[in-house]
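*Asks:* Have a peek at data25.tsv (TSV, C-alpha atoms).
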```
chain	number	residue	atom	x	y	z
A	1	MET	CA	-5.46	48.91	-5.81
A	2	SER	CA	-3.18	47.89	-2.98
A	3	ALA	CA	-0.17	45.62	-3.29
A	4	LEU	CA	-0.44	42.12	-1.88
A	5	ASN	CA	1.57	41.57	1.27
A	6	ILE	CA	2.90	38.07	0.66
A	7	LYS	CA	5.75	36.99	2.84
A	8	LYS	CA	8.47	34.93	1.23
A	9	GLY	CA	8.26	31.31	2.36
A	10	SER	CA	4.64	31.53	3.48
A	11	THR	CA	2.92	28.50	5.01
A	12	LYS	CA	1.69	25.56	2.99
A	13	HIS	CA	-1.88	26.68	3.70
A	14	SER	CA	-1.37	29.78	1.59
A	15	ALA	CA	-2.28	29.92	-2.09
A	16	TYR	CA	1.12	31.52	-2.55
A	17	ASN	CA	3.50	28.89	-1.21
A	18	LEU	CA	6.88	30.25	-2.22
A	19	ARG	CA	8.99	27.58	-0.56
A	20	PRO	CA	11.11	25.58	-2.95
A	21	SER	CA	9.49	22.23	-3.75
A	22	PHE	CA	12.77	20.37	-4.19
A	23	SER	CA	14.70	18.54	-1.52
A	24	ASP	CA	18.21	17.13	-1.21
A	25	VAL	CA	17.09	14.51	1.30
A	26	GLN	CA	17.72	10.93	0.13
A	27	GLU	CA	14.75	8.64	0.72
A	28	THR	CA	14.41	4.89	0.27
A	29	HIS	CA	11.29	3.78	-1.61
A	30	THR	CA	9.82	0.38	-2.47
A	31	ILE	CA	8.23	0.39	-5.92
A	32	ALA	CA	6.03	-2.44	-7.22
A	33	VAL	CA	5.69	-2.71	-11.00
A	34	LEU	CA	3.23	-5.03	-12.76
A	35	VAL	CA	4.52	-5.94	-16.23
A	36	GLU	CA	3.88	-8.30	-19.14
A	37	ASN	CA	5.80	-11.54	-18.64
A	38	GLU	CA	7.75	-11.48	-21.89
A	39	PRO	CA	11.41	-11.49	-22.91
A	40	GLY	CA	13.24	-8.17	-22.57
A	41	VAL	CA	10.84	-6.42	-20.17
A	42	LEU	CA	13.14	-6.73	-17.17
A	43	ALA	CA	16.07	-5.47	-19.26
A	44	ARG	CA	14.05	-2.40	-20.27
A	45	VAL	CA	13.06	-1.64	-16.67
A	46	ILE	CA	16.62	-2.08	-15.41
A	47	GLY	CA	17.94	-0.11	-18.37
A	48	LEU	CA	15.86	2.84	-17.23
A	49	PHE	CA	17.76	2.84	-13.93
A	50	SER	CA	21.25	2.25	-15.29
A	51	GLY	CA	20.83	4.71	-18.17
A	52	ARG	CA	20.07	7.54	-15.78
A	53	GLY	CA	22.54	6.59	-13.08
A	54	TYR	CA	19.96	5.47	-10.50
A	55	ASN	CA	20.91	2.70	-8.11
A	56	ILE	CA	18.82	-0.36	-7.28
A	57	ASP	CA	19.21	-1.52	-3.66
A	58	SER	CA	17.02	-4.61	-4.09
A	59	LEU	CA	15.27	-6.30	-7.01
A	60	THR	CA	12.87	-9.25	-7.08
A	61	VAL	CA	10.89	-10.58	-10.02
A	62	ALA	CA	8.35	-13.39	-10.33
A	63	GLU	CA	5.35	-14.31	-12.44
A	64	VAL	CA	2.17	-13.60	-10.45
A	65	ASP	CA	-0.57	-14.37	-13.01
A	66	HIS	CA	-0.05	-17.39	-15.27
A	67	GLN	CA	-3.23	-16.84	-17.34
A	68	GLY	CA	-2.63	-13.12	-17.76
A	69	HIS	CA	1.13	-13.56	-18.29
A	70	LEU	CA	1.93	-10.87	-15.72
A	71	SER	CA	5.01	-10.54	-13.54
A	72	ARG	CA	5.65	-8.34	-10.51
A	73	ILE	CA	8.93	-6.48	-10.17
A	74	THR	CA	9.67	-5.12	-6.70
A	75	ILE	CA	12.43	-2.50	-6.67
A	76	VAL	CA	13.95	-0.78	-3.65
A	77	THR	CA	15.79	2.38	-4.64
A	78	THR	CA	17.11	5.53	-3.00
A	79	GLY	CA	16.86	9.09	-4.26
A	80	THR	CA	15.49	12.55	-3.67
A	81	PRO	CA	11.71	12.95	-3.88
A	82	GLN	CA	12.12	14.45	-7.35
A	83	VAL	CA	14.21	11.48	-8.54
A	84	ILE	CA	11.67	9.00	-7.15
A	85	GLU	CA	8.82	10.81	-8.93
A	86	GLN	CA	10.83	10.82	-12.15
A	87	ILE	CA	11.51	7.08	-11.83
A	88	LYS	CA	7.81	6.32	-11.31
A	89	ALA	CA	6.77	8.49	-14.26
A	90	GLN	CA	9.35	6.92	-16.58
A	91	LEU	CA	8.42	3.39	-15.47
A	92	GLY	CA	4.79	4.15	-16.29
A	93	ARG	CA	5.74	5.14	-19.85
A	94	ILE	CA	7.36	1.79	-20.70
A	95	VAL	CA	4.90	-0.06	-22.96
A	96	PRO	CA	4.72	-3.50	-21.25
A	97	VAL	CA	4.22	-1.88	-17.81
A	98	HIS	CA	0.62	-2.19	-16.54
A	99	ASP	CA	0.87	-0.56	-13.12
A	100	VAL	CA	3.38	1.28	-10.91
A	101	HIS	CA	2.87	1.59	-7.13
A	102	ASP	CA	5.13	3.38	-4.65
A	103	LEU	CA	4.41	1.27	-1.58
A	104	THR	CA	6.36	3.68	0.62
A	105	VAL	CA	3.95	6.58	0.07
A	106	GLU	CA	0.68	4.74	-0.65
A	107	GLY	CA	0.19	3.61	2.93
A	108	PRO	CA	1.24	0.77	5.18
A	109	SER	CA	2.93	-2.19	3.53
A	110	VAL	CA	4.56	-5.46	4.51
A	111	GLU	CA	8.15	-6.04	3.40
A	112	ARG	CA	10.09	-9.26	3.89
A	113	GLU	CA	13.33	-10.76	2.71
A	114	LEU	CA	14.78	-14.25	2.89
A	115	ALA	CA	18.45	-14.89	3.61
A	116	LEU	CA	20.63	-17.99	3.81
A	117	ILE	CA	23.62	-17.38	6.09
A	118	LYS	CA	26.56	-19.78	6.40
A	119	VAL	CA	28.51	-19.59	9.65
A	120	ALA	CA	31.60	-21.65	10.49
A	121	GLY	CA	32.69	-22.19	14.04
A	122	GLN	CA	33.61	-24.65	16.71
A	123	GLY	CA	33.23	-24.80	20.45
A	124	GLU	CA	31.92	-21.71	22.17
A	125	LYS	CA	31.44	-19.76	18.91
A	126	ARG	CA	29.22	-22.55	17.59
A	127	VAL	CA	27.06	-22.47	20.74
A	128	GLU	CA	26.83	-18.66	20.58
A	129	ALA	CA	25.78	-18.78	16.90
A	130	LEU	CA	22.97	-21.21	17.76
A	131	ARG	CA	21.87	-19.07	20.70
A	132	LEU	CA	21.69	-15.93	18.53
A	133	ALA	CA	19.87	-17.85	15.79
A	134	ASP	CA	17.24	-18.83	18.35
A	135	ILE	CA	16.80	-15.19	19.43
A	136	PHE	CA	16.33	-14.09	15.80
A	137	ARG	CA	14.11	-17.10	15.03
A	138	ALA	CA	16.51	-18.27	12.33
A	139	GLN	CA	16.15	-21.90	11.31
A	140	VAL	CA	19.07	-24.26	10.85
A	141	VAL	CA	18.60	-25.71	7.35
A	142	ASP	CA	21.99	-27.42	7.08
A	143	SER	CA	24.56	-28.51	9.62
A	144	THR	CA	28.02	-30.04	9.40
A	145	LEU	CA	30.72	-30.50	12.01
A	146	GLU	CA	32.33	-27.24	10.82
A	147	SER	CA	29.40	-24.99	9.85
A	148	PHE	CA	25.70	-24.13	9.91
A	149	VAL	CA	23.44	-22.66	7.26
A	150	PHE	CA	20.69	-20.53	8.78
A	151	GLN	CA	17.49	-19.45	7.07
A	152	LEU	CA	16.12	-16.11	8.21
A	153	THR	CA	13.10	-14.15	7.01
A	154	GLY	CA	12.03	-10.68	8.01
A	155	PRO	CA	12.65	-7.02	7.30
A	156	SER	CA	16.02	-6.17	5.74
A	157	ASP	CA	17.27	-4.47	8.90
A	158	LYS	CA	16.68	-7.67	10.90
A	159	ILE	CA	18.79	-9.64	8.41
A	160	ASP	CA	21.49	-6.95	8.52
A	161	ALA	CA	21.55	-7.10	12.34
A	162	PHE	CA	21.82	-10.90	12.35
A	163	ALA	CA	24.65	-10.85	9.80
A	164	ASP	CA	26.52	-8.20	11.84
A	165	LEU	CA	26.33	-10.44	14.94
A	166	MET	CA	27.47	-13.50	12.97
A	167	ARG	CA	30.59	-11.84	11.48
A	168	PRO	CA	32.78	-12.24	14.59
A	169	LEU	CA	31.44	-15.78	15.06
A	170	GLY	CA	32.58	-16.96	11.62
A	171	LEU	CA	30.23	-15.68	8.90
A	172	ILE	CA	31.40	-17.24	5.64
A	173	GLU	CA	28.73	-16.43	3.10
A	174	ILE	CA	25.30	-14.84	2.77
A	175	ALA	CA	22.67	-15.09	0.01
A	176	ARG	CA	19.65	-12.76	0.02
A	177	THR	CA	16.50	-12.83	-2.08
A	178	GLY	CA	15.77	-9.11	-2.09
A	179	VAL	CA	12.65	-7.44	-0.76
A	180	ALA	CA	9.17	-8.77	-1.50
A	181	ALA	CA	6.44	-6.31	-0.54
A	182	LEU	CA	2.65	-5.92	-0.56
A	183	ALA	CA	0.38	-3.10	0.52
A	184	ARG	CA	-1.62	-3.83	3.67
A	185	GLY	CA	-5.40	-3.99	3.71
A	186	ALA	CA	-7.84	-4.25	0.82
```
Could you write out this structure as structure tokens?
*Replies:*
Amino acid sequence: MSALNIKKGSTKHSAYNLRPSFSDVQETHTIAVLVENEPGVLARVIGLFSGRGYNIDSLTVAEVDHQGHLSRITIVTTGTPQVIEQIKAQLGRIVPVHDVHDLTVEGPSVERELALIKVAGQGEKRVEALRLADIFRAQVVDSTLESFVFQLTGPSDKIDAFADLMRPLGLIEIARTGVAALARGA
């Protein structure tokens, strides 16, 4: 009987893949969780994150089925692939959780966020703020002689870019809803 000649770190096509399966790369994932709409469920889901030291970048919750008393929690979090898998597995074990979907890995999805952005300014800064708002398709939802409140929807990076441009023009305050996401297609 001859010894097998298996090279360390062989390709993924080999039955003997000896490459380590862990990674230190931080990834951002959007996770959609369908839960019973009852008191304490959100606290249990959030407790899972805080109890293990995981961070939540964005969190949105709303009832999506009045007859079935179901709510959808959309969580954006960052971690290594192993941490993300652990989060999904632990979410699935919580009793009032019906379904857990990682929209980042399950295929194309649509993600949007709403922001209200208050900008103060006079003269040329005021004109520049309006010009930039037009470029970003932000709507003016309130206006006074000293300030504007803009409404902007889109991906989080679009809102970040708009806020960065408004800072030197007089950004006073920003309120964001958090990410709402759905998988594309059927």
*Asks:* Would you list the contacts of Thr153 of chain A as a PyMOL selection string, taking every protein, DNA or RNA residue within 10 Å and counting all atoms listed in the file, but skipping same-chain residues closer than 2 positions in sequence?
*Replies:* chain A and resi 112-116+136-139+151+155-156+158-159+176-177
*Asks:* So that I can check the surroundings of Ile56 of chain A, please list as a list in words every protein, DNA and RNA residue that reaches within 8 Å of it, counting only C-alpha atoms and ignoring chain neighbours fewer than 6 positions away.
*Replies:*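 Within the cut-off, the hits are Phe49, Ile75, Val76, Thr77 and Thr78 of chain A.
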*Asks:* Could you please determine the separation between atom CA of Val179 of chain A and atom CA of Asp164 of chain A in Å, to one decimal place?
*Replies:* 18.8 Å
*Asks:* For each of A:Leu48, A:Val149, A:Ile135, A:Leu165, take the minimum atom-to-atom distance to Ile87 of chain A, counting all atoms listed in the file, then give the residue where this is smallest.
*Replies:*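 Going through A:Leu48, A:Val149, A:Ile135, A:Leu165 one by one, the smallest distance to Ile87 of chain A is for A:Leu48.
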*Asks:* Write out as a compact mmCIF listing (two decimals) with C-alpha atoms, keeping the file's coordinate frame each polymer residue whose atoms come within 12 Å of Thr30 of chain A, counting only C-alpha atoms; drop sequence neighbours fewer than 6 positions from it.
*Replies:*
```
# COMPACT_ATOMS: atom_id res chain seq x y z
CA ILE A 56 18.82 -0.36 -7.28
CA ASP A 57 19.21 -1.52 -3.66
CA SER A 58 17.02 -4.61 -4.09
CA LEU A 59 15.27 -6.30 -7.01
CA THR A 60 12.87 -9.25 -7.08
CA ILE A 73 8.93 -6.48 -10.17
CA THR A 74 9.67 -5.12 -6.70
CA ILE A 75 12.43 -2.50 -6.67
CA VAL A 76 13.95 -0.78 -3.65
CA THR A 77 15.79 2.38 -4.64
CA THR A 78 17.11 5.53 -3.00
CA GLY A 79 16.86 9.09 -4.26
CA ILE A 84 11.67 9.00 -7.15
CA ILE A 87 11.51 7.08 -11.83
CA LYS A 88 7.81 6.32 -11.31
CA VAL A 100 3.38 1.28 -10.91
CA HIS A 101 2.87 1.59 -7.13
CA ASP A 102 5.13 3.38 -4.65
CA LEU A 103 4.41 1.27 -1.58
CA THR A 104 6.36 3.68 0.62
CA VAL A 105 3.95 6.58 0.07
CA GLU A 106 0.68 4.74 -0.65
CA GLY A 107 0.19 3.61 2.93
CA PRO A 108 1.24 0.77 5.18
CA SER A 109 2.93 -2.19 3.53
CA VAL A 110 4.56 -5.46 4.51
CA GLU A 111 8.15 -6.04 3.40
CA ARG A 112 10.09 -9.26 3.89
CA GLY A 178 15.77 -9.11 -2.09
CA VAL A 179 12.65 -7.44 -0.76
CA ALA A 180 9.17 -8.77 -1.50
CA ALA A 181 6.44 -6.31 -0.54
CA LEU A 182 2.65 -5.92 -0.56
CA ALA A 183 0.38 -3.10 0.52
```
